Each structure stands twice: as C-alpha cells, then as structure tokens.
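Colleague: What follows is the file protein.txt, containing compact mmCIF, C-alpha atoms and all ligand atoms:
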```txt
# COMPACT_ATOMS: atom_id res chain seq x y z
CA MET N 1 -24.48 7.26 -22.81
CA ARG N 2 -27.40 6.77 -20.50
CA TYR N 3 -26.77 4.90 -17.25
CA VAL N 4 -29.39 3.27 -15.06
CA PHE N 5 -27.89 5.17 -12.10
CA ASN N 6 -25.05 7.65 -11.71
CA PRO N 7 -21.63 5.98 -12.08
CA ALA N 8 -19.27 6.15 -9.10
CA PRO N 9 -16.93 9.13 -9.23
CA THR N 10 -13.32 8.62 -10.32
CA VAL N 11 -11.14 7.99 -7.28
CA SER N 12 -8.11 10.30 -7.19
CA VAL N 13 -5.21 11.34 -4.99
CA PRO N 14 -3.93 14.93 -4.77
CA VAL N 15 -0.50 15.68 -6.21
CA LEU N 16 1.55 17.55 -3.63
CA GLY N 17 2.13 21.24 -4.33
CA THR N 18 -0.30 21.37 -7.25
CA ALA N 19 -4.04 21.72 -7.82
CA SER N 20 -3.98 18.48 -9.83
CA HIS N 21 -5.14 15.04 -8.84
CA PHE N 22 -3.83 11.61 -9.86
CA PRO N 23 -6.77 9.51 -11.13
CA VAL N 24 -6.49 5.98 -9.76
CA HIS N 25 -6.83 2.94 -12.01
CA ARG N 26 -5.92 -0.09 -9.83
CA ILE N 27 -4.31 -0.73 -6.47
CA TYR N 28 -1.72 -3.53 -6.46
CA CYS N 29 -0.10 -4.69 -3.24
CA VAL N 30 3.07 -6.75 -2.73
CA GLY N 31 3.07 -9.42 -0.01
CA ARG N 32 5.99 -10.06 2.38
CA ASN N 33 8.56 -7.77 0.76
CA TYR N 34 10.78 -7.04 3.79
CA GLU N 35 12.75 -9.97 5.26
CA GLU N 36 12.09 -9.16 8.92
CA HIS N 37 8.35 -8.86 8.24
CA ALA N 38 8.35 -12.16 6.32
CA LYS N 39 9.98 -13.73 9.39
CA GLU N 40 7.43 -12.30 11.83
CA MET N 41 4.72 -13.79 9.60
CA GLY N 42 6.42 -17.19 9.81
CA PHE N 43 8.31 -17.26 6.51
CA THR N 44 11.98 -17.12 5.60
CA GLY N 45 13.99 -16.82 2.46
CA ARG N 46 13.49 -14.98 -0.80
CA GLU N 47 10.50 -16.10 -2.80
CA PRO N 48 9.23 -14.53 -6.00
CA PRO N 49 7.08 -11.50 -5.20
CA PHE N 50 3.36 -12.11 -5.02
CA PHE N 51 0.51 -9.68 -5.38
CA PHE N 52 -3.02 -8.94 -4.31
CA LEU N 53 -5.35 -6.05 -5.09
CA LYS N 54 -7.54 -3.64 -3.23
CA PRO N 55 -10.53 -1.83 -4.74
CA THR N 56 -9.82 1.81 -5.58
CA ASP N 57 -12.70 3.00 -3.42
CA ALA N 58 -10.93 1.50 -0.39
CA LEU N 59 -8.60 4.53 -0.46
CA VAL N 60 -8.83 6.99 2.42
CA VAL N 61 -7.18 10.12 1.06
CA VAL N 62 -5.30 12.23 3.59
CA ASN N 63 -4.69 15.75 2.32
CA ALA N 64 -1.40 17.54 3.01
CA GLY N 65 -1.29 18.92 6.54
CA GLU N 66 -4.60 17.31 7.48
CA SER N 67 -5.54 14.10 9.22
CA ALA N 68 -8.21 11.58 8.31
CA ALA N 69 -10.34 9.02 10.09
CA MET N 70 -11.03 5.42 9.18
CA PRO N 71 -13.82 3.48 10.85
CA TYR N 72 -12.89 0.34 12.79
CA PRO N 73 -13.98 -2.32 10.29
CA SER N 74 -16.61 -4.99 10.85
CA LEU N 75 -15.97 -8.69 11.63
CA THR N 76 -12.42 -8.30 12.99
CA LYS N 77 -10.92 -8.24 16.47
CA ASN N 78 -7.37 -7.77 15.17
CA LEU N 79 -6.95 -4.77 12.86
CA HIS N 80 -3.27 -4.39 11.92
CA HIS N 81 -1.34 -1.42 10.55
CA GLU N 82 1.15 -1.90 7.70
CA ILE N 83 3.09 1.21 6.65
CA GLU N 84 4.06 1.04 2.98
CA LEU N 85 5.77 3.11 0.32
CA VAL N 86 3.32 3.55 -2.55
CA VAL N 87 4.54 3.85 -6.14
CA ALA N 88 2.27 5.80 -8.53
CA ILE N 89 2.50 4.68 -12.16
CA GLY N 90 2.33 7.49 -14.74
CA THR N 91 3.12 5.53 -17.90
CA GLY N 92 1.77 2.05 -18.44
CA GLY N 93 3.38 -0.97 -20.03
CA LYS N 94 3.80 -4.73 -19.96
CA ASN N 95 6.96 -6.78 -19.53
CA ILE N 96 8.81 -3.70 -18.27
CA GLN N 97 12.45 -4.47 -17.53
CA ALA N 98 13.80 -3.34 -14.17
CA GLY N 99 16.26 -1.06 -15.95
CA ASP N 100 13.40 0.82 -17.60
CA ALA N 101 11.07 0.88 -14.59
CA HIS N 102 11.95 4.46 -13.55
CA LYS N 103 10.45 5.75 -16.81
CA HIS N 104 7.02 4.53 -15.70
CA ILE N 105 6.93 6.10 -12.22
CA PHE N 106 5.01 9.34 -11.72
CA GLY N 107 5.66 9.69 -8.01
CA TYR N 108 5.43 8.25 -4.51
CA ALA N 109 3.16 8.44 -1.50
CA VAL N 110 2.87 7.11 2.03
CA GLY N 111 0.20 4.44 2.40
CA LEU N 112 -1.28 2.08 4.96
CA ASP N 113 -2.23 -1.48 4.00
CA MET N 114 -4.73 -1.96 6.83
CA THR N 115 -5.39 -5.65 7.46
CA ARG N 116 -8.04 -7.65 9.28
CA ARG N 117 -5.31 -10.06 10.43
CA ASP N 118 -7.58 -12.59 12.10
CA LEU N 119 -9.65 -12.96 8.92
CA GLN N 120 -6.55 -13.05 6.70
CA ASN N 121 -5.00 -15.79 8.88
CA GLU N 122 -8.20 -17.83 8.72
CA MET N 123 -8.25 -17.54 4.90
CA LYS N 124 -4.55 -18.53 4.71
CA LYS N 125 -5.22 -21.58 6.85
CA GLN N 126 -8.05 -22.64 4.55
CA GLY N 127 -6.19 -21.76 1.34
CA ARG N 128 -8.85 -19.19 0.44
CA PRO N 129 -8.45 -15.71 -1.09
CA TRP N 130 -7.29 -12.87 1.18
CA CYS N 131 -9.92 -10.37 0.03
CA ILE N 132 -11.87 -10.27 3.27
CA GLY N 133 -8.67 -9.63 5.22
CA LYS N 134 -7.14 -7.07 2.89
CA ALA N 135 -9.62 -5.50 0.49
CA PHE N 136 -12.29 -4.15 2.83
CA ASP N 137 -13.75 -0.63 2.77
CA HIS N 138 -11.37 2.11 4.03
CA SER N 139 -8.46 -0.37 4.07
CA ALA N 140 -6.05 1.83 2.09
CA PRO N 141 -5.23 5.23 3.61
CA ILE N 142 -2.88 7.24 1.39
CA GLY N 143 -1.22 10.66 1.48
CA PRO N 144 -0.61 13.08 -1.39
CA ILE N 145 1.61 11.92 -4.25
CA THR N 146 5.01 13.59 -4.46
CA PRO N 147 6.29 13.70 -8.06
CA VAL N 148 9.47 11.70 -8.60
CA ASP N 149 11.73 14.73 -9.15
CA GLN N 150 10.76 16.16 -5.76
CA ALA N 151 10.86 12.96 -3.76
CA GLY N 152 14.59 12.72 -3.08
CA ASP N 153 16.42 9.41 -2.71
CA ILE N 154 13.41 7.16 -2.11
CA ALA N 155 15.40 3.94 -2.51
CA ASN N 156 17.27 4.84 0.68
CA ALA N 157 14.50 6.59 2.59
CA GLU N 158 13.54 5.75 6.15
CA ILE N 159 10.02 4.33 6.56
CA TYR N 160 8.26 4.39 9.92
CA LEU N 161 4.95 4.32 11.74
CA GLN N 162 4.00 5.47 15.20
CA VAL N 163 0.80 4.77 17.11
CA ASN N 164 -0.14 7.47 19.64
CA GLY N 165 3.42 8.80 19.37
CA GLN N 166 5.11 5.43 20.08
CA ASP N 167 7.30 3.70 17.48
CA ARG N 168 5.79 0.52 16.03
CA GLN N 169 7.57 0.11 12.67
CA ARG N 170 10.88 1.63 11.59
CA SER N 171 13.04 0.46 8.69
CA HIS N 172 14.53 1.58 5.39
CA VAL N 173 13.23 1.25 1.83
CA SER N 174 16.68 -0.18 0.98
CA LYS N 175 15.61 -3.33 2.87
CA LEU N 176 12.92 -4.23 0.34
CA ILE N 177 13.47 -7.84 -0.79
CA TRP N 178 12.29 -6.88 -4.28
CA ASN N 179 13.15 -3.24 -4.91
CA ILE N 180 10.86 -0.85 -6.73
CA ALA N 181 12.26 -1.58 -10.20
CA GLU N 182 12.21 -5.37 -9.69
CA THR N 183 8.65 -5.17 -8.35
CA ILE N 184 7.54 -3.30 -11.48
CA GLU N 185 9.28 -5.89 -13.66
CA HIS N 186 7.46 -8.78 -11.93
CA LEU N 187 4.11 -7.01 -11.73
CA SER N 188 4.11 -5.92 -15.37
CA ALA N 189 4.80 -9.51 -16.45
CA ALA N 190 1.50 -10.52 -14.88
CA TRP N 191 -0.66 -7.46 -15.69
CA GLU N 192 -0.29 -4.65 -18.20
CA LEU N 193 0.29 -1.61 -16.03
CA GLN N 194 -1.82 1.47 -16.75
CA PRO N 195 -1.39 5.13 -15.90
CA GLY N 196 -3.10 5.58 -12.56
CA ASP N 197 -2.02 2.28 -11.03
CA LEU N 198 -0.80 2.40 -7.44
CA ILE N 199 1.60 -0.18 -6.03
CA TYR N 200 1.74 -0.71 -2.25
CA THR N 201 5.27 -2.12 -2.05
CA GLY N 202 5.09 -4.07 1.22
CA THR N 203 5.60 -3.40 4.92
CA PRO N 204 8.60 -3.78 7.22
CA GLU N 205 8.48 -5.62 10.56
CA GLY N 206 6.52 -4.42 13.56
CA VAL N 207 2.96 -4.89 12.34
CA ALA N 208 0.53 -4.89 15.26
CA ALA N 209 -3.02 -4.10 16.27
CA VAL N 210 -4.73 -0.75 16.56
CA VAL N 211 -8.02 -0.10 18.35
CA ALA N 212 -10.66 2.62 18.16
CA GLY N 213 -9.21 5.92 19.33
CA ASP N 214 -5.65 5.18 18.19
CA THR N 215 -3.85 7.65 15.93
CA MET N 216 -1.31 6.36 13.41
CA THR N 217 1.40 8.64 12.05
CA ALA N 218 3.13 7.18 9.01
CA ALA N 219 6.09 8.60 7.15
CA VAL N 220 8.70 7.99 4.48
CA THR N 221 11.60 10.44 4.32
CA GLY N 222 11.04 12.94 1.50
CA LEU N 223 7.27 12.38 1.28
CA GLU N 224 4.29 14.01 2.97
CA PRO N 225 3.53 12.07 6.20
CA ILE N 226 0.00 11.01 7.05
CA LYS N 227 -2.01 10.92 10.25
CA VAL N 228 -4.99 8.56 10.48
CA THR N 229 -7.25 8.02 13.49
CA VAL N 230 -9.26 4.83 13.93
CA ASP N 231 -12.85 5.72 14.80
MN MN K 1 1.09 -5.10 3.06
```
Spit out the file's structure as structure tokens when you get a sec.
Modeller:
Amino acid sequence: MRYVFNPAPTVSVPVLGTASHFPVHRIYCVGRNYEEHAKEMGFTGREPPFFFLKPTDALVVVNAGESAAMPYPSLTKNLHHEIELVVAIGTGGKNIQAGDAHKHIFGYAVGLDMTRRDLQNEMKKQGRPWCIGKAFDHSAPIGPITPVDQAGDIANAEIYLQVNGQDRQRSHVSKLIWNIAETIEHLSAAWELQPGDLIYTGTPEGVAAVVAGDTMTAAVTGLEPIKVTVD
C-alpha cells in the first residue's frame, strides 16, 4: 500500500505492570449517568443511556507515576473537569446481554471527560451536536489500563477528583444509573463493539471549571490515579 502521506500512528494506552499497550479503536462516552450529576445539569429521573464519541487522538495518555499537561483549549471560557471510570473492551460484540458483559471487558482506567461547558450549553440550547463542547483536541486524559483481574471490586470503588489538592468530585461507582454491564448492553445494541473500544462511563456530581495552572488529581480505588495540569 502506498499512501499519499504517512498515516497517523495507532493511538494506544499502556497496560499497567506490562510492556504492552492497548490499541484504541473508538472512544464512547455516556451522558448523565450519575443521578446527582444529572440533577446539577438540570435533569431528573432515569432516562435510557445516551452516548457521544470523542476522536481517539483526543486522548492525553498519563503514564504510571507521571503527570501530563493539557493545553487550555481555544474558544471556551468555561473548561470543566469530569472524572470518569473508563472501561476498556477486549472482546467485541453486538447485542451483548448485561449478564455476558464481563466477558468483553479487558480492564479499567481513570479518565477525564474534559468539556467546553459554555460551548456545549450553547449547542444544547440550539439542538445542535455536542462535538465542539466534548470532542476537542486533548479532551480525553486517561491513565494506564489495569487488567480486570487486578482491578479489585470496581463496581463498588470510590471515584474522586481534586483540583490543587481540594476535593471537587467524590462518589462511588455503585451510584451509576446504568451500571457497567447495562451500559455495555445498551451501547452494543447501537454499535458493534470492537476490541480496543474505550467507554467513558459518566461523571458524578461536582463538575466545575479549571483554569490554566490548575492541577487535577483523579482516582478510582484499585486503579492507577492520574495527575493532569492545565497549561
Ligand atoms: Mn462525561
């Protein structure tokens, strides 16, 4: 095969404790998947899960024990942090039943669904796609992937984010409206999942703005935490 220019490199995420990397296929994100966050965004009640995507080259990979920087993005005056548990799919499939979902999970990571909230709100108001608010460059920091058998009891893990050492978000994965298995069931009804897919499962309450110079520390019990500074 001869290309007219060099193709972009495969985006990948390191697998904790190994020399191997997880090659990324797609990044799916779940909207409003914690009740208290849904409320702070002006919604109540349980609605079917809904999804959006980010481009794979929006990932900012944070290696174990290191920190990373993300540039303050263009066009926004209200950049929000959203700490999320990320599910890494190892075995693809469509119409996966919740009871079988665990067979498709390779591992988990800590991620940030960074959001240009002012632009997202404007798009919501106009009924337009969220891409400009959600899918911008460097919008998806992520830590190393911990394989499932080393990740502990993720369904009951604590999930939290601090900015400059101060608590902003703190909740439990058990408070997901649609749990990991149910999310995979819904998602795989709409798209055929592939090995290499990442699922950002949604953020708990406490989303707020960060500015240049802020450092975010994000963690889920049992997984490698990440530290990301906004440049
Ligand atoms: Mn989110």
Colleague: So which residues are near ligand MN 1 (chain K), meaning at most 12 Å away with only C-alpha atoms and all ligand atoms counted, given back as a ChimeraX atom specification?
Modeller: /N:27-34,37-38,41,50-54,80-86,111-117,120,130,133-135,139-140,199-207
Colleague: Rank N:Pro14, N:Ala98, N:Val230, N:Ala19 by their smallest atom-to-atom distance to Ala209 (chain N), using all atoms listed in the file, and report the top residue only.
Modeller: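 Counting all atoms listed in the file, the residue closest to Ala209 (chain N) is N:Val230.
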Colleague: Let me make sure I understand: among N:Glu158, N:Val15, N:Ala58, N:Thr10, which one has the smallest atom-to-atom distance to Cys131 (chain N) if we use all atoms listed in the file?
Modeller: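 Smallest separation from Cys131 (chain N) among the options: N:Ala58.
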Colleague: Please measure the separation of CA of Leu193 (chain N) and CA of Thr91 (chain N), giving the value in Å to one decimal.
Modeller: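 These two atoms are separated by 7.9 Å.
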Colleague: I'd like a table as a tab-separated table: residues in region 51-81 of chain N with an atom no more than 8 Å from region 213-229 of chain N, each row giving the shortest atom pair and its distance in Å to one decimal, only C-alpha atoms counted, sorted by chain and rising residue number.
Modeller:
```
residue	atom	partner	partner_atom	distance
N:Val62	CA	N:Ile226	CA	6.4
N:Ala64	CA	N:Glu224	CA	6.7
N:Glu66	CA	N:Lys227	CA	7.4
N:Ser67	CA	N:Lys227	CA	4.9
N:Ala68	CA	N:Val228	CA	4.9
N:Ala69	CA	N:Thr229	CA	4.7
N:Met70	CA	N:Thr229	CA	6.3
```
Colleague: Give as a PyMOL selection string every residue, naming chains and numbers as the document does, that has an atom within 9 Å of (-10.9, 3.7, 1.4), counting all atoms listed in the file.
Modeller: chain N and resi 55-61+70+136-142
Colleague: N:Val163, N:Ala208, N:Ala181, N:Val173: which is nearest Ile89 (chain N), counting all atoms listed in the file?
Modeller: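 Among the listed residues, the smallest separation from Ile89 (chain N) belongs to N:Ala181.
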Colleague: Report the distance between CA of Phe22 (chain N) and CA of Ile145 (chain N) in Å, rounded to one decimal place.
Modeller: 7.8 Å
Colleague: Find the distance between CA of Ala109 (chain N) and CA of Ile96 (chain N) and write it in Å to one decimal.
Modeller: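 Distance between the two atoms: 21.5 Å.
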Colleague: Could you tell me, as a ChimeraX atom specification, which residues have any atom at most 10 Å from (8.0, -9.4, -10.7), counting all atoms listed in the file?
Modeller: /N:30,48-51,95-98,178-190
Colleague: Measuring between all atoms listed in the file, which one of N:Gln166, N:Asn6, N:Thr76, N:Asn121 shows the shortest distance to Gly42 (chain N)?
Modeller: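 Looking only at the distances to Gly42 (chain N), the closest residue turns out to be N:Asn121.
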Colleague: Do a neighbour search on Gly90 (chain N) at 7 Å with all atoms listed in the file, toss out local chain neighbours closer than 6 positions, and write the hits as a list in words.
Modeller: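 The contact residues come out as His104, Ile105, Phe106, Pro195 and Gly196 of chain N.
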Colleague: Taking 5 positions as the minimum chain separation for residues in the same chain, which residues sit within 8 Å of Glu192 (chain N) when counting all atoms listed in the file? Answer as a PDB file with C-alpha atoms, in the coordinates of the input.
Modeller:
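What landed in selection04.pdb:
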```
ATOM      1  CA  GLY N  92       1.770   2.050 -18.440  1.00  0.00           C
ATOM      2  CA  GLY N  93       3.380  -0.970 -20.030  1.00  0.00           C
ATOM      3  CA  LYS N  94       3.800  -4.730 -19.960  1.00  0.00           C
ATOM      4  CA  ASN N  95       6.960  -6.780 -19.530  1.00  0.00           C
TER       5      ASN N  95
END
```
